[in-house]
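**Student:** Handing over final_27.cif, mmCIF, C-alpha atoms.
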```
data_final
#
loop_
_atom_site.label_atom_id
_atom_site.label_comp_id
_atom_site.auth_asym_id
_atom_site.auth_seq_id
_atom_site.Cartn_x
_atom_site.Cartn_y
_atom_site.Cartn_z
CA MET E 891 33.69 0.89 23.78
CA THR E 892 32.98 1.91 20.21
CA GLN E 893 33.00 -1.01 17.81
CA SER E 894 35.28 -0.90 14.81
CA ARG E 895 33.74 -1.55 11.43
CA GLU E 896 35.45 -4.95 11.37
CA GLU E 897 33.77 -6.07 14.59
CA HIS E 898 30.21 -6.10 13.33
CA ILE E 899 28.47 -7.27 10.18
CA MET E 900 25.38 -5.10 10.59
CA ILE E 901 24.94 -1.35 10.91
CA PRO E 902 23.82 -0.80 14.55
CA GLU E 903 20.33 0.62 14.80
CA ALA E 904 21.66 3.56 16.81
CA ASP E 905 23.78 4.61 13.85
CA LEU E 906 20.58 5.08 11.82
CA ASP E 907 18.75 7.18 14.39
CA GLY E 908 17.49 10.39 12.84
CA VAL E 909 18.44 9.57 9.25
CA SER E 910 16.00 10.30 6.45
CA VAL E 911 13.58 7.82 4.91
CA ASP E 912 15.79 7.87 1.81
CA THR E 913 18.70 6.48 3.83
CA LEU E 914 16.53 3.99 5.69
CA ALA E 915 15.31 2.67 2.33
CA VAL E 916 18.89 1.73 1.49
CA ARG E 917 20.48 0.88 4.83
CA ALA E 918 17.88 -0.35 7.35
CA GLY E 919 17.32 -4.06 7.91
CA GLN E 920 20.57 -5.38 6.49
CA HIS E 921 22.03 -8.46 8.13
CA ARG E 922 25.32 -9.54 6.63
CA THR E 923 26.44 -13.13 6.95
CA GLY E 924 29.94 -14.29 7.77
CA GLU E 925 30.79 -13.80 4.10
CA LEU E 926 30.37 -10.02 4.60
CA GLU E 927 28.47 -9.60 1.33
CA HIS E 928 27.65 -6.03 0.30
CA SER E 929 24.32 -6.87 -1.35
CA ASP E 930 21.59 -8.58 0.63
CA ALA E 931 21.64 -12.36 0.99
CA ILE E 932 18.64 -14.54 0.24
CA PHE E 933 17.72 -17.61 2.29
CA PRO E 934 15.48 -19.87 0.16
CA THR E 935 15.05 -22.57 2.77
CA SER E 936 11.96 -24.08 4.32
CA SER E 937 13.56 -25.10 7.62
CA PHE E 938 16.56 -24.56 9.86
CA VAL E 939 18.79 -26.91 11.84
CA TYR E 940 19.73 -26.81 15.53
CA GLY E 941 22.83 -27.71 17.45
CA SER E 942 20.93 -29.97 19.80
CA ALA E 943 17.48 -31.25 20.71
CA ALA E 944 17.50 -28.84 23.63
CA GLN E 945 18.11 -25.89 21.33
CA ALA E 946 15.31 -27.01 19.04
CA ALA E 947 12.96 -27.19 22.04
CA ALA E 948 14.05 -23.76 23.21
CA ARG E 949 13.42 -22.24 19.77
CA PHE E 950 9.98 -23.81 19.39
CA GLY E 951 9.08 -22.86 22.96
CA GLY E 952 10.04 -19.23 22.47
CA GLU E 953 12.78 -19.40 25.10
CA GLU E 954 15.53 -18.68 22.57
CA PRO E 955 15.26 -16.30 19.61
CA GLY E 956 16.10 -17.55 16.15
CA ASN E 957 14.76 -19.18 13.03
CA ILE E 958 12.34 -22.07 13.25
CA TYR E 959 10.44 -22.56 10.00
CA SER E 960 10.06 -20.24 7.02
CA ARG E 961 6.29 -20.07 7.37
CA PHE E 962 6.91 -17.57 10.16
CA THR E 963 10.67 -17.03 10.57
CA ASN E 964 13.03 -16.40 7.68
CA PRO E 965 16.07 -14.07 7.61
CA THR E 966 15.25 -12.59 4.19
CA VAL E 967 11.65 -11.87 5.16
CA LYS E 968 12.84 -10.41 8.46
CA ALA E 969 15.21 -8.04 6.65
CA PHE E 970 12.35 -6.70 4.51
CA GLU E 971 10.12 -6.37 7.57
CA GLU E 972 12.75 -4.41 9.47
CA ARG E 973 13.39 -2.04 6.57
CA ILE E 974 9.74 -1.17 5.92
CA ALA E 975 9.06 -0.83 9.66
CA ALA E 976 11.94 1.65 9.94
CA MET E 977 10.66 3.61 6.95
CA GLU E 978 7.11 3.80 8.36
CA GLY E 979 8.33 4.64 11.85
CA GLY E 980 6.76 1.51 13.32
CA GLU E 981 8.15 -0.83 15.95
CA ARG E 982 7.58 -3.98 13.94
CA ALA E 983 6.28 -5.25 10.61
CA VAL E 984 4.84 -8.59 9.52
CA ALA E 985 5.10 -9.58 5.86
CA THR E 986 2.34 -11.54 4.14
CA ALA E 987 1.69 -13.36 0.87
CA SER E 988 -0.29 -10.48 -0.67
CA GLY E 989 -1.82 -7.12 0.13
CA MET E 990 -5.18 -8.77 0.70
CA ALA E 991 -3.50 -11.29 3.01
CA ALA E 992 -2.18 -8.32 5.00
CA ILE E 993 -5.72 -6.96 5.43
CA LEU E 994 -7.08 -10.42 6.26
CA ALA E 995 -4.32 -11.07 8.81
CA THR E 996 -5.01 -7.72 10.46
CA CYS E 997 -8.74 -8.37 10.70
CA MET E 998 -8.44 -11.97 11.86
CA SER E 999 -5.97 -11.04 14.58
CA MET E 1000 -7.75 -7.91 15.80
CA LEU E 1001 -11.46 -8.72 15.44
CA GLN E 1002 -13.89 -11.32 16.70
CA SER E 1003 -17.53 -12.25 16.21
CA GLY E 1004 -19.83 -9.41 17.25
CA ASP E 1005 -17.32 -6.69 16.43
CA HIS E 1006 -18.13 -3.80 14.11
CA VAL E 1007 -15.92 -2.09 11.52
CA VAL E 1008 -16.40 1.32 9.91
CA CYS E 1009 -14.74 1.34 6.49
CA SER E 1010 -14.48 4.04 3.85
CA ARG E 1011 -16.33 3.36 0.61
CA GLY E 1012 -13.35 4.41 -1.46
CA VAL E 1013 -11.30 1.27 -0.90
CA PHE E 1014 -10.05 -1.33 -3.34
CA GLY E 1015 -13.01 -3.38 -4.56
CA THR E 1016 -11.73 -6.65 -3.12
CA THR E 1017 -11.27 -5.02 0.30
CA ASN E 1018 -14.96 -4.13 0.15
CA VAL E 1019 -15.84 -7.73 -0.72
CA LEU E 1020 -13.68 -9.10 2.11
CA PHE E 1021 -15.51 -7.00 4.69
CA GLN E 1022 -18.98 -7.21 3.19
CA LYS E 1023 -19.07 -10.90 2.28
CA TYR E 1024 -16.46 -13.00 4.03
CA LEU E 1025 -15.90 -11.34 7.40
CA ALA E 1026 -19.68 -10.99 7.70
CA ARG E 1027 -19.92 -14.80 7.69
CA PHE E 1028 -17.94 -14.83 10.93
CA GLY E 1029 -20.10 -12.24 12.68
CA VAL E 1030 -18.07 -9.11 11.92
CA SER E 1031 -20.33 -6.35 10.60
CA THR E 1032 -19.17 -3.40 8.52
CA THR E 1033 -20.63 0.03 7.83
CA PHE E 1034 -19.31 1.88 4.78
CA VAL E 1035 -19.15 5.66 4.81
CA GLY E 1036 -17.70 8.39 2.62
CA LEU E 1037 -14.01 8.89 3.29
CA THR E 1038 -14.30 12.64 3.85
CA ASP E 1039 -17.71 12.64 5.58
CA MET E 1040 -16.73 13.17 9.23
CA ASP E 1041 -20.37 13.37 10.34
CA GLY E 1042 -20.94 10.02 8.64
CA TRP E 1043 -17.98 8.52 10.51
CA ARG E 1044 -19.23 9.82 13.85
CA ASP E 1045 -22.75 8.54 13.19
CA ALA E 1046 -21.48 5.11 12.11
CA VAL E 1047 -19.46 4.39 15.26
CA THR E 1048 -21.27 2.18 17.76
CA GLY E 1049 -20.50 0.61 21.12
CA ASN E 1050 -19.01 -2.48 19.48
CA THR E 1051 -16.92 -0.66 16.85
CA ARG E 1052 -13.39 -2.04 17.05
CA MET E 1053 -11.80 -0.74 13.86
CA LEU E 1054 -11.85 2.22 11.50
CA PHE E 1055 -10.33 1.25 8.15
CA ILE E 1056 -9.38 3.59 5.31
CA GLU E 1057 -7.26 4.05 2.21
CA THR E 1058 -5.89 7.54 1.72
CA PRO E 1059 -5.66 8.67 -1.00
CA SER E 1060 -8.56 6.49 -2.04
CA ASN E 1061 -8.77 4.08 -4.94
CA PRO E 1062 -9.56 5.28 -7.56
CA LEU E 1063 -10.91 8.79 -6.89
CA CYS E 1064 -7.89 10.04 -4.91
CA GLU E 1065 -9.94 11.41 -2.00
CA VAL E 1066 -7.86 12.32 1.05
CA ALA E 1067 -8.87 11.54 4.63
CA ASP E 1068 -8.17 13.69 7.66
CA MET E 1069 -6.14 11.04 9.48
CA SER E 1070 -5.71 12.99 12.72
CA ALA E 1071 -9.47 13.48 13.05
CA LEU E 1072 -10.23 9.84 12.32
CA ALA E 1073 -7.55 8.66 14.74
CA GLU E 1074 -9.04 10.84 17.47
CA LEU E 1075 -12.51 9.44 16.75
CA ALA E 1076 -11.29 5.84 16.78
CA HIS E 1077 -9.34 6.18 20.01
CA ALA E 1078 -12.17 7.99 21.77
CA HIS E 1079 -14.26 4.84 21.24
CA GLY E 1080 -11.52 2.31 21.99
CA ALA E 1081 -11.15 1.31 18.34
CA LEU E 1082 -8.10 0.78 16.17
CA PHE E 1083 -7.36 3.12 13.28
CA VAL E 1084 -5.99 1.21 10.28
CA VAL E 1085 -4.64 2.94 7.17
CA ASP E 1086 -3.86 1.37 3.80
CA ASN E 1087 -0.86 3.46 2.71
CA CYS E 1088 -0.39 1.74 -0.64
CA PHE E 1089 -0.79 4.84 -2.84
CA CYS E 1090 1.65 7.08 -0.98
CA THR E 1091 4.18 4.70 0.63
CA PRO E 1092 6.23 5.93 3.61
CA VAL E 1093 8.20 8.16 1.24
CA LEU E 1094 5.21 10.48 0.84
CA GLN E 1095 3.11 9.79 3.95
CA ARG E 1096 3.59 8.15 7.36
CA PRO E 1097 0.15 7.49 8.89
CA LEU E 1098 1.55 6.43 12.28
CA GLU E 1099 2.61 10.06 12.77
CA PHE E 1100 -1.04 11.11 12.36
CA GLY E 1101 -2.38 8.66 14.94
CA ALA E 1102 -2.84 5.44 12.95
CA ASP E 1103 -2.35 2.24 14.93
CA ILE E 1104 -1.67 -0.02 11.95
CA VAL E 1105 -0.41 0.66 8.43
CA ILE E 1106 -0.97 -1.79 5.59
CA HIS E 1107 0.70 -2.10 2.19
CA SER E 1108 0.25 -4.17 -0.89
CA ALA E 1109 3.97 -4.60 -1.49
CA THR E 1110 3.01 -5.73 -4.99
CA LYS E 1111 2.57 -2.09 -5.92
CA TYR E 1112 5.13 0.67 -5.30
CA LEU E 1113 7.30 -1.20 -2.80
CA ASP E 1114 8.34 -3.52 -5.61
CA GLY E 1115 7.72 -0.98 -8.33
CA GLN E 1116 8.28 -3.25 -11.30
CA GLY E 1117 5.36 -5.67 -11.15
CA ARG E 1118 7.50 -8.71 -10.36
CA CYS E 1119 6.07 -10.22 -7.17
CA VAL E 1120 2.94 -10.35 -5.02
CA GLY E 1121 3.16 -9.56 -1.31
CA GLY E 1122 1.87 -7.46 1.56
CA VAL E 1123 3.00 -6.09 4.91
CA VAL E 1124 1.45 -4.86 8.16
CA VAL E 1125 3.25 -2.28 10.34
CA GLY E 1126 2.53 -1.11 13.86
CA SER E 1127 3.46 -1.45 17.52
CA ALA E 1128 5.28 -4.54 18.74
CA SER E 1129 2.26 -5.68 20.78
CA LEU E 1130 -0.22 -5.40 17.91
CA MET E 1131 2.18 -7.03 15.44
CA GLU E 1132 2.69 -9.95 17.81
CA GLU E 1133 -1.00 -10.76 17.30
CA VAL E 1134 -0.66 -10.51 13.51
CA TYR E 1135 2.46 -12.67 13.67
CA GLY E 1136 0.55 -15.26 15.72
CA PHE E 1137 -2.14 -15.47 13.04
CA LEU E 1138 0.49 -15.78 10.34
CA ARG E 1139 2.28 -18.54 12.23
CA SER E 1140 -0.93 -20.55 12.54
CA ALA E 1141 -2.73 -19.77 9.26
CA GLY E 1142 0.28 -19.42 6.96
CA PRO E 1143 -0.41 -16.57 4.46
CA THR E 1144 3.35 -16.19 4.28
CA MET E 1145 5.69 -14.16 2.09
CA SER E 1146 8.29 -16.25 0.30
CA PRO E 1147 12.01 -15.51 0.82
CA PHE E 1148 12.47 -14.75 -2.87
CA ASN E 1149 9.61 -12.24 -2.93
CA ALA E 1150 10.90 -10.65 0.28
CA TRP E 1151 14.33 -10.26 -1.33
CA VAL E 1152 12.78 -8.56 -4.38
CA PHE E 1153 10.78 -6.18 -2.17
CA HIS E 1154 13.80 -5.52 0.05
CA LYS E 1155 15.82 -4.49 -2.98
CA GLY E 1156 12.88 -2.55 -4.43
CA LEU E 1157 12.77 -0.34 -1.33
CA GLU E 1158 16.26 0.93 -2.13
CA THR E 1159 14.96 2.87 -5.13
CA LEU E 1160 11.51 3.70 -3.73
CA PRO E 1161 12.27 7.36 -2.83
CA ILE E 1162 13.59 8.31 -6.27
CA ARG E 1163 10.85 6.34 -8.02
CA MET E 1164 8.09 7.99 -6.02
CA ARG E 1165 9.38 11.46 -6.85
CA ALA E 1166 9.45 10.59 -10.54
CA HIS E 1167 5.91 9.16 -10.35
CA CYS E 1168 4.67 12.30 -8.59
CA GLU E 1169 6.25 14.67 -11.09
CA ASN E 1170 4.83 12.85 -14.11
CA ALA E 1171 1.38 12.38 -12.56
CA LEU E 1172 1.00 16.05 -11.60
CA GLN E 1173 1.98 17.28 -15.06
CA LEU E 1174 -0.27 14.74 -16.78
CA ALA E 1175 -3.21 15.60 -14.50
CA ARG E 1176 -2.85 19.31 -15.30
CA TRP E 1177 -2.68 18.53 -19.01
CA LEU E 1178 -5.74 16.24 -18.93
CA GLU E 1179 -7.73 18.96 -17.16
CA GLN E 1180 -7.34 21.09 -20.27
CA GLN E 1181 -8.73 18.51 -22.72
CA SER E 1182 -12.24 19.10 -24.03
CA VAL E 1183 -13.36 15.45 -23.92
CA VAL E 1184 -12.24 15.05 -20.29
CA GLU E 1185 -14.99 15.94 -17.83
CA LYS E 1186 -13.08 15.79 -14.55
CA VAL E 1187 -9.63 14.81 -13.26
CA TYR E 1188 -9.21 13.31 -9.78
CA TYR E 1189 -5.75 13.99 -8.35
CA ALA E 1190 -4.92 15.53 -4.98
CA GLY E 1191 -2.05 17.53 -6.45
CA LEU E 1192 -4.46 19.69 -8.42
CA GLU E 1193 -5.55 22.94 -6.81
CA SER E 1194 -9.08 22.06 -7.93
CA HIS E 1195 -9.10 18.95 -5.72
CA PRO E 1196 -11.35 19.49 -2.67
CA GLN E 1197 -8.77 18.06 -0.24
CA HIS E 1198 -5.71 19.63 -1.88
CA GLN E 1199 -4.71 21.63 1.19
CA LEU E 1200 -5.19 18.63 3.48
CA ALA E 1201 -3.00 16.54 1.17
CA CYS E 1202 -0.34 19.25 1.32
CA ARG E 1203 -0.32 18.98 5.12
CA GLN E 1204 -0.27 15.17 5.31
CA GLN E 1205 1.78 14.22 2.27
CA SER E 1206 5.15 15.28 0.89
CA GLY E 1207 3.95 14.40 -2.62
CA PHE E 1208 0.70 13.45 -4.31
CA GLY E 1209 1.50 10.00 -5.69
CA GLY E 1210 1.39 8.45 -9.12
CA VAL E 1211 -2.29 7.48 -9.43
CA LEU E 1212 -4.95 9.67 -10.99
CA SER E 1213 -8.38 9.08 -12.44
CA PHE E 1214 -10.51 10.98 -14.90
CA THR E 1215 -13.91 10.81 -16.54
CA VAL E 1216 -14.49 11.21 -20.25
CA ARG E 1217 -17.62 12.52 -21.95
CA GLY E 1218 -19.94 9.57 -22.53
CA GLY E 1219 -20.16 6.19 -20.82
CA GLN E 1220 -18.48 2.81 -20.77
CA ALA E 1221 -18.18 2.62 -24.57
CA GLU E 1222 -16.28 5.91 -24.66
CA ALA E 1223 -14.05 4.96 -21.74
CA TRP E 1224 -13.19 1.65 -23.41
CA ALA E 1225 -12.57 3.42 -26.74
CA PHE E 1226 -10.09 5.75 -25.03
CA ILE E 1227 -8.28 2.84 -23.36
CA ASP E 1228 -8.18 0.73 -26.53
CA ALA E 1229 -6.77 3.59 -28.59
CA THR E 1230 -3.61 3.83 -26.48
CA ARG E 1231 -0.59 1.91 -27.71
CA MET E 1232 2.25 2.34 -25.23
CA VAL E 1233 0.61 2.23 -21.79
CA SER E 1234 -0.30 -1.18 -20.40
CA ILE E 1235 -3.95 -2.17 -20.05
CA THR E 1236 -3.78 -3.85 -16.66
CA ALA E 1237 -5.37 -3.38 -13.25
CA ASN E 1238 -2.04 -3.39 -11.42
CA LEU E 1239 -0.62 -0.08 -10.23
CA GLY E 1240 2.60 1.26 -8.76
CA ASP E 1241 4.72 0.08 -11.67
CA VAL E 1242 7.44 2.08 -13.40
CA LYS E 1243 5.40 1.35 -16.55
CA THR E 1244 2.22 3.42 -16.86
CA THR E 1245 -0.94 1.33 -16.59
CA ILE E 1246 -4.53 2.13 -17.52
CA THR E 1247 -7.76 0.42 -16.50
CA HIS E 1248 -11.54 0.80 -16.34
CA PRO E 1249 -12.34 0.44 -12.61
CA GLY E 1250 -16.04 -0.25 -13.11
CA THR E 1251 -15.33 -3.54 -14.91
CA THR E 1252 -11.99 -4.52 -13.33
CA THR E 1253 -10.85 -3.47 -9.85
CA HIS E 1254 -14.38 -2.64 -8.68
CA GLY E 1255 -16.26 -4.94 -11.03
CA ARG E 1256 -17.55 -7.21 -8.24
CA LEU E 1257 -19.36 -4.38 -6.48
CA SER E 1258 -23.11 -4.08 -6.88
CA PRO E 1259 -24.41 -1.21 -9.02
CA ASP E 1260 -25.56 0.56 -5.85
CA ASP E 1261 -22.18 0.19 -4.17
CA LYS E 1262 -20.42 1.44 -7.30
CA ALA E 1263 -22.66 4.49 -7.35
CA LEU E 1264 -22.00 5.23 -3.68
CA ALA E 1265 -18.25 4.87 -4.24
CA GLY E 1266 -18.33 7.17 -7.29
CA ILE E 1267 -17.32 4.42 -9.73
CA THR E 1268 -19.01 5.60 -12.90
CA ASP E 1269 -19.04 3.95 -16.32
CA ASN E 1270 -16.94 6.75 -17.84
CA LEU E 1271 -14.17 6.61 -15.20
CA ILE E 1272 -10.61 5.69 -16.20
CA ARG E 1273 -7.70 5.14 -13.80
CA LEU E 1274 -4.07 5.81 -14.68
CA SER E 1275 -1.10 4.65 -12.65
CA VAL E 1276 1.49 7.00 -14.07
CA GLY E 1277 4.93 5.50 -14.57
CA ILE E 1278 8.33 7.06 -15.10
CA GLU E 1279 8.40 7.18 -18.90
CA ALA E 1280 9.10 10.49 -20.62
CA LEU E 1281 6.18 12.83 -20.01
CA GLU E 1282 5.83 13.85 -23.67
CA ASP E 1283 5.62 10.22 -24.72
CA LEU E 1284 2.83 9.63 -22.22
CA LYS E 1285 0.96 12.69 -23.50
CA ASN E 1286 1.30 11.47 -27.06
CA ASP E 1287 -0.20 8.12 -26.12
CA MET E 1288 -3.04 9.83 -24.26
CA LYS E 1289 -3.66 11.91 -27.39
CA ARG E 1290 -4.55 8.69 -29.21
CA GLY E 1291 -7.33 8.14 -26.69
CA LEU E 1292 -8.50 11.74 -26.95
CA GLN E 1293 -8.53 11.53 -30.74
CA ALA E 1294 -10.62 8.36 -30.65
CA LEU E 1295 -13.32 10.22 -28.72
CA GLN E 1296 -13.12 13.35 -30.83
CA ASN E 1297 -13.69 11.23 -33.92
#
```
Could I get this structure in the form of structure tokens?

**Tutor:**
Amino acid sequence: MTQSREEHIMIPEADLDGVSVDTLAVRAGQHRTGELEHSDAIFPTSSFVYGSAAQAAARFGGEEPGNIYSRFTNPTVKAFEERIAAMEGGERAVATASGMAAILATCMSMLQSGDHVVCSRGVFGTTNVLFQKYLARFGVSTTFVGLTDMDGWRDAVTGNTRMLFIETPSNPLCEVADMSALAELAHAHGALFVVDNCFCTPVLQRPLEFGADIVIHSATKYLDGQGRCVGGVVVGSASLMEEVYGFLRSAGPTMSPFNAWVFHKGLETLPIRMRAHCENALQLARWLEQQSVVEKVYYAGLESHPQHQLACRQQSGFGGVLSFTVRGGQAEAWAFIDATRMVSITANLGDVKTTITHPGTTTHGRLSPDDKALAGITDNLIRLSVGIEALEDLKNDMKRGLQALQN
């Protein structure tokens, strides 16, 4: 029998089969309470009560589904998890306290002492430090290779390789990986293929469709979109996510209900925000390419980008992050940044407000000089996370930086 609208307080999953990611961003993962609220409820509670001691025992023992303790079960967090899992095309998601907590939870639940990871060099600087310094203390070794160097990936894989980890597009040089090829390589050696999809989001790219086993986000970035909260999420199959959930339950790098509510609401506008970011970033990248004091622009939407055609096949848009080098060194890069007046000098990205930073002394500042050189982090490199302000206003602010160098 078909249910009437009055007989349920949640849109059945079957009713969302085949809908677009735009619709999933608005409608997936909504659980209305008995009050039948239209907006999403928030449950800022640390614990939950039971009807009896027997029910409490059944919940804790896993014999009965339901909430137990907000470190690992909370309705608001669950709603966010369900929505982002639907958007990525994954069976389940596990939300964490930060993007780095998402990477840590993935590694701690999937790796053990003696395992080997192959990681692309073009990852967020702290991701590099996590693998190179902290996981190494527990017997997990990591080999770093160029994101687009398939021979390097094949040579780096060993008998104890358990994970291939990438960001695509990369931070900050916007290199693009061939995900299908890397997935095939990983699976041929019994390893997991993990993709940080922070730059593109599921609106522009869905790595699971290209063979990834696990997708990771720093929800702090585009999923929120307004720089309000810190959080992360891991998406994948139900069996893999059960392991991540088990680590979260025991170790506790948990997303708060309030942050989950902010991210849940942020997803509603993610598709239209991402399109606005892409449009501004592409136009700004093309304009910067024409400036005499700019040596090179890194953005996959440019026809000059070496992986432009690959990005066209894997992505429905090119994202809001671009980088460029100016003539000179660190002094010139800093002079350009300091001359701007509207854009925000901050290392965060994915905000509706345009941000600018010097990767060599901020996001990748903890890398050794050799590692910076291998990752292409030069002293004259500047990264822009292009927001949704009027394009002409952004150009006018960039002109202040250009003028500072011309003078």

**Student:** Starting from the PyMOL selection byres ((chain E and resi 1254) around 10), expand the selection into actual residues of this file and give them as a PyMOL selection string.

**Tutor:** chain E and resi 1013-1019+1061-1062+1248-1253+1255-1258+1261-1262+1265+1267

**Student:** If we count only C-alpha atoms, what is near Cys1009 of chain E at a cut-off of 7 Å, once residues fewer than 5 positions away on the same chain are taken out, given as a list of chain:residue names?

**Tutor:**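 Residues meeting the cut-off are E:Thr1032, E:Thr1033, E:Phe1034, E:Val1035, E:Leu1054, E:Phe1055, E:Ile1056.
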
**Student:** For the selection just defined, write its residues with C-alpha atoms to a file, as a short mmCIF file (atom, residue, chain, number, x, y, z; two decimals), keeping the file's coordinate frame.

**Tutor:**
```cif
data_model
loop_
_atom_site.label_atom_id
_atom_site.label_comp_id
_atom_site.auth_asym_id
_atom_site.auth_seq_id
_atom_site.Cartn_x
_atom_site.Cartn_y
_atom_site.Cartn_z
CA THR E 1032 -19.17 -3.40 8.52
CA THR E 1033 -20.63 0.03 7.83
CA PHE E 1034 -19.31 1.88 4.78
CA VAL E 1035 -19.15 5.66 4.81
CA LEU E 1054 -11.85 2.22 11.50
CA PHE E 1055 -10.33 1.25 8.15
CA ILE E 1056 -9.38 3.59 5.31
#
```

**Student:** Report as a VMD selection string all protein, DNA and RNA residues lying within 8 Å of Thr996 of chain E, evaluated on only C-alpha atoms, omitting residues in the same chain fewer than 3 positions from it.

**Tutor:** chain E and resid 992 to 993 999 to 1000 1124 1134

**Student:** Please evaluate the PyMOL selection byres ((chain E and resi 1039) around 12) against the structure above and give the resulting residues as a short mmCIF file (atom, residue, chain, number, x, y, z; two decimals) with C-alpha atoms, in the coordinates of the input.

**Tutor:**
```
data_model
loop_
_atom_site.label_atom_id
_atom_site.label_comp_id
_atom_site.auth_asym_id
_atom_site.auth_seq_id
_atom_site.Cartn_x
_atom_site.Cartn_y
_atom_site.Cartn_z
CA CYS E 1009 -14.74 1.34 6.49
CA SER E 1010 -14.48 4.04 3.85
CA ARG E 1011 -16.33 3.36 0.61
CA GLY E 1012 -13.35 4.41 -1.46
CA PHE E 1034 -19.31 1.88 4.78
CA VAL E 1035 -19.15 5.66 4.81
CA GLY E 1036 -17.70 8.39 2.62
CA LEU E 1037 -14.01 8.89 3.29
CA THR E 1038 -14.30 12.64 3.85
CA MET E 1040 -16.73 13.17 9.23
CA ASP E 1041 -20.37 13.37 10.34
CA GLY E 1042 -20.94 10.02 8.64
CA TRP E 1043 -17.98 8.52 10.51
CA ARG E 1044 -19.23 9.82 13.85
CA ASP E 1045 -22.75 8.54 13.19
CA ALA E 1046 -21.48 5.11 12.11
CA GLU E 1065 -9.94 11.41 -2.00
CA VAL E 1066 -7.86 12.32 1.05
CA ALA E 1067 -8.87 11.54 4.63
CA ASP E 1068 -8.17 13.69 7.66
CA ALA E 1071 -9.47 13.48 13.05
CA LEU E 1072 -10.23 9.84 12.32
CA GLN E 1197 -8.77 18.06 -0.24
#
```

**Student:** Please report the interatomic distance between atom CA of Tyr1135 of chain E and atom CA of Phe962 of chain E in Å with one decimal.

**Tutor:**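 Going from atom CA of Tyr1135 of chain E over to atom CA of Phe962 of chain E, I get 7.5 Å.
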
**Student:** Run the PyMOL selection byres ((chain E and resi 1229-1239) around 7) mentally over the shown coordinates, then write out the matched residues as a PyMOL selection string, using the chain letters and numbers from the document.

**Tutor:** chain E and resi 1111+1225-1228+1240-1241+1244-1247+1252-1253+1275+1287-1288+1290-1291+1294

**Student:** For C-alpha atoms, I'd like the residues from the last selection saved as an mmCIF file, keeping the file's coordinate frame.

**Tutor:**
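Done, and the output landed in again_4.cif:
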```cif
data_model
loop_
_atom_site.group_PDB
_atom_site.id
_atom_site.type_symbol
_atom_site.label_atom_id
_atom_site.label_comp_id
_atom_site.auth_asym_id
_atom_site.auth_seq_id
_atom_site.Cartn_x
_atom_site.Cartn_y
_atom_site.Cartn_z
ATOM 1 C CA LYS E 1111 2.570 -2.090 -5.920
ATOM 2 C CA ALA E 1225 -12.570 3.420 -26.740
ATOM 3 C CA PHE E 1226 -10.090 5.750 -25.030
ATOM 4 C CA ILE E 1227 -8.280 2.840 -23.360
ATOM 5 C CA ASP E 1228 -8.180 0.730 -26.530
ATOM 6 C CA GLY E 1240 2.600 1.260 -8.760
ATOM 7 C CA ASP E 1241 4.720 0.080 -11.670
ATOM 8 C CA THR E 1244 2.220 3.420 -16.860
ATOM 9 C CA THR E 1245 -0.940 1.330 -16.590
ATOM 10 C CA ILE E 1246 -4.530 2.130 -17.520
ATOM 11 C CA THR E 1247 -7.760 0.420 -16.500
ATOM 12 C CA THR E 1252 -11.990 -4.520 -13.330
ATOM 13 C CA THR E 1253 -10.850 -3.470 -9.850
ATOM 14 C CA SER E 1275 -1.100 4.650 -12.650
ATOM 15 C CA ASP E 1287 -0.200 8.120 -26.120
ATOM 16 C CA MET E 1288 -3.040 9.830 -24.260
ATOM 17 C CA ARG E 1290 -4.550 8.690 -29.210
ATOM 18 C CA GLY E 1291 -7.330 8.140 -26.690
ATOM 19 C CA ALA E 1294 -10.620 8.360 -30.650
#
```

**Student:** Figure out the distance between atom CA of Asp912 of chain E and atom CA of Ile974 of chain E, please, to one decimal in Å.

**Tutor:**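 Distance between the two atoms: 11.6 Å.
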
**Student:** I need the residue nearest Ser1070 of chain E from this list: E:Ser1140, E:Gln1204, E:Gln1173, E:Gln920. Use all atoms listed in the file for the distance.

**Tutor:**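 Once distances to Ser1070 of chain E are computed over all atoms listed in the file, the minimum belongs to E:Gln1204.
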
**Student:** In terms of the shortest atom-to-atom distance over only C-alpha atoms, which of E:Leu926, E:Leu1098, E:Ala991, E:Cys1168 is closest to Gly1210 of chain E?

**Tutor:**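 Of E:Leu926, E:Leu1098, E:Ala991, E:Cys1168, the one nearest Gly1210 of chain E, counting only C-alpha atoms, is E:Cys1168.
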
**Student:** To one decimal in Å, tell me the separation between atom CA of Leu994 of chain E and atom CA of Ala1026 of chain E.

**Tutor:**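 Going from atom CA of Leu994 of chain E over to atom CA of Ala1026 of chain E, I get 12.7 Å.
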
**Student:** Considering all atoms listed in the file, tabulate each residue of segment 1050-1156 of chain E that lies at most 12 Å from segment 936-945 of chain E along with its nearest interatomic pair and the corresponding distance in Å to one decimal; arrange the rows by chain and ascending residue number and present them as a Markdown table.

**Tutor:**
```
| residue | atom | partner | partner_atom | distance |
| --- | --- | --- | --- | --- |
| E:Thr1144 | CA | E:Ser936 | CA | 11.7 |
| E:Met1145 | CA | E:Ser936 | CA | 11.9 |
| E:Ser1146 | CA | E:Ser936 | CA | 9.5 |
| E:Pro1147 | CA | E:Ser936 | CA | 9.3 |
| E:Phe1148 | CA | E:Ser936 | CA | 11.8 |
```

**Student:** Can you list, as a list of chain:residue names, every protein, DNA or RNA residue that comes within 7 Å of segment 1213-1219 of chain E when you count only C-alpha atoms, leaving out same-chain residues fewer than 6 positions away?

**Tutor:**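 Result of the neighbour search: E:Pro1062, E:Leu1063, E:Val1183, E:Val1184, E:Glu1185, E:Lys1186, E:Val1187, E:Tyr1188, E:Tyr1189, E:Asp1269, E:Asn1270, E:Leu1271, E:Ile1272, E:Arg1273, E:Leu1274.
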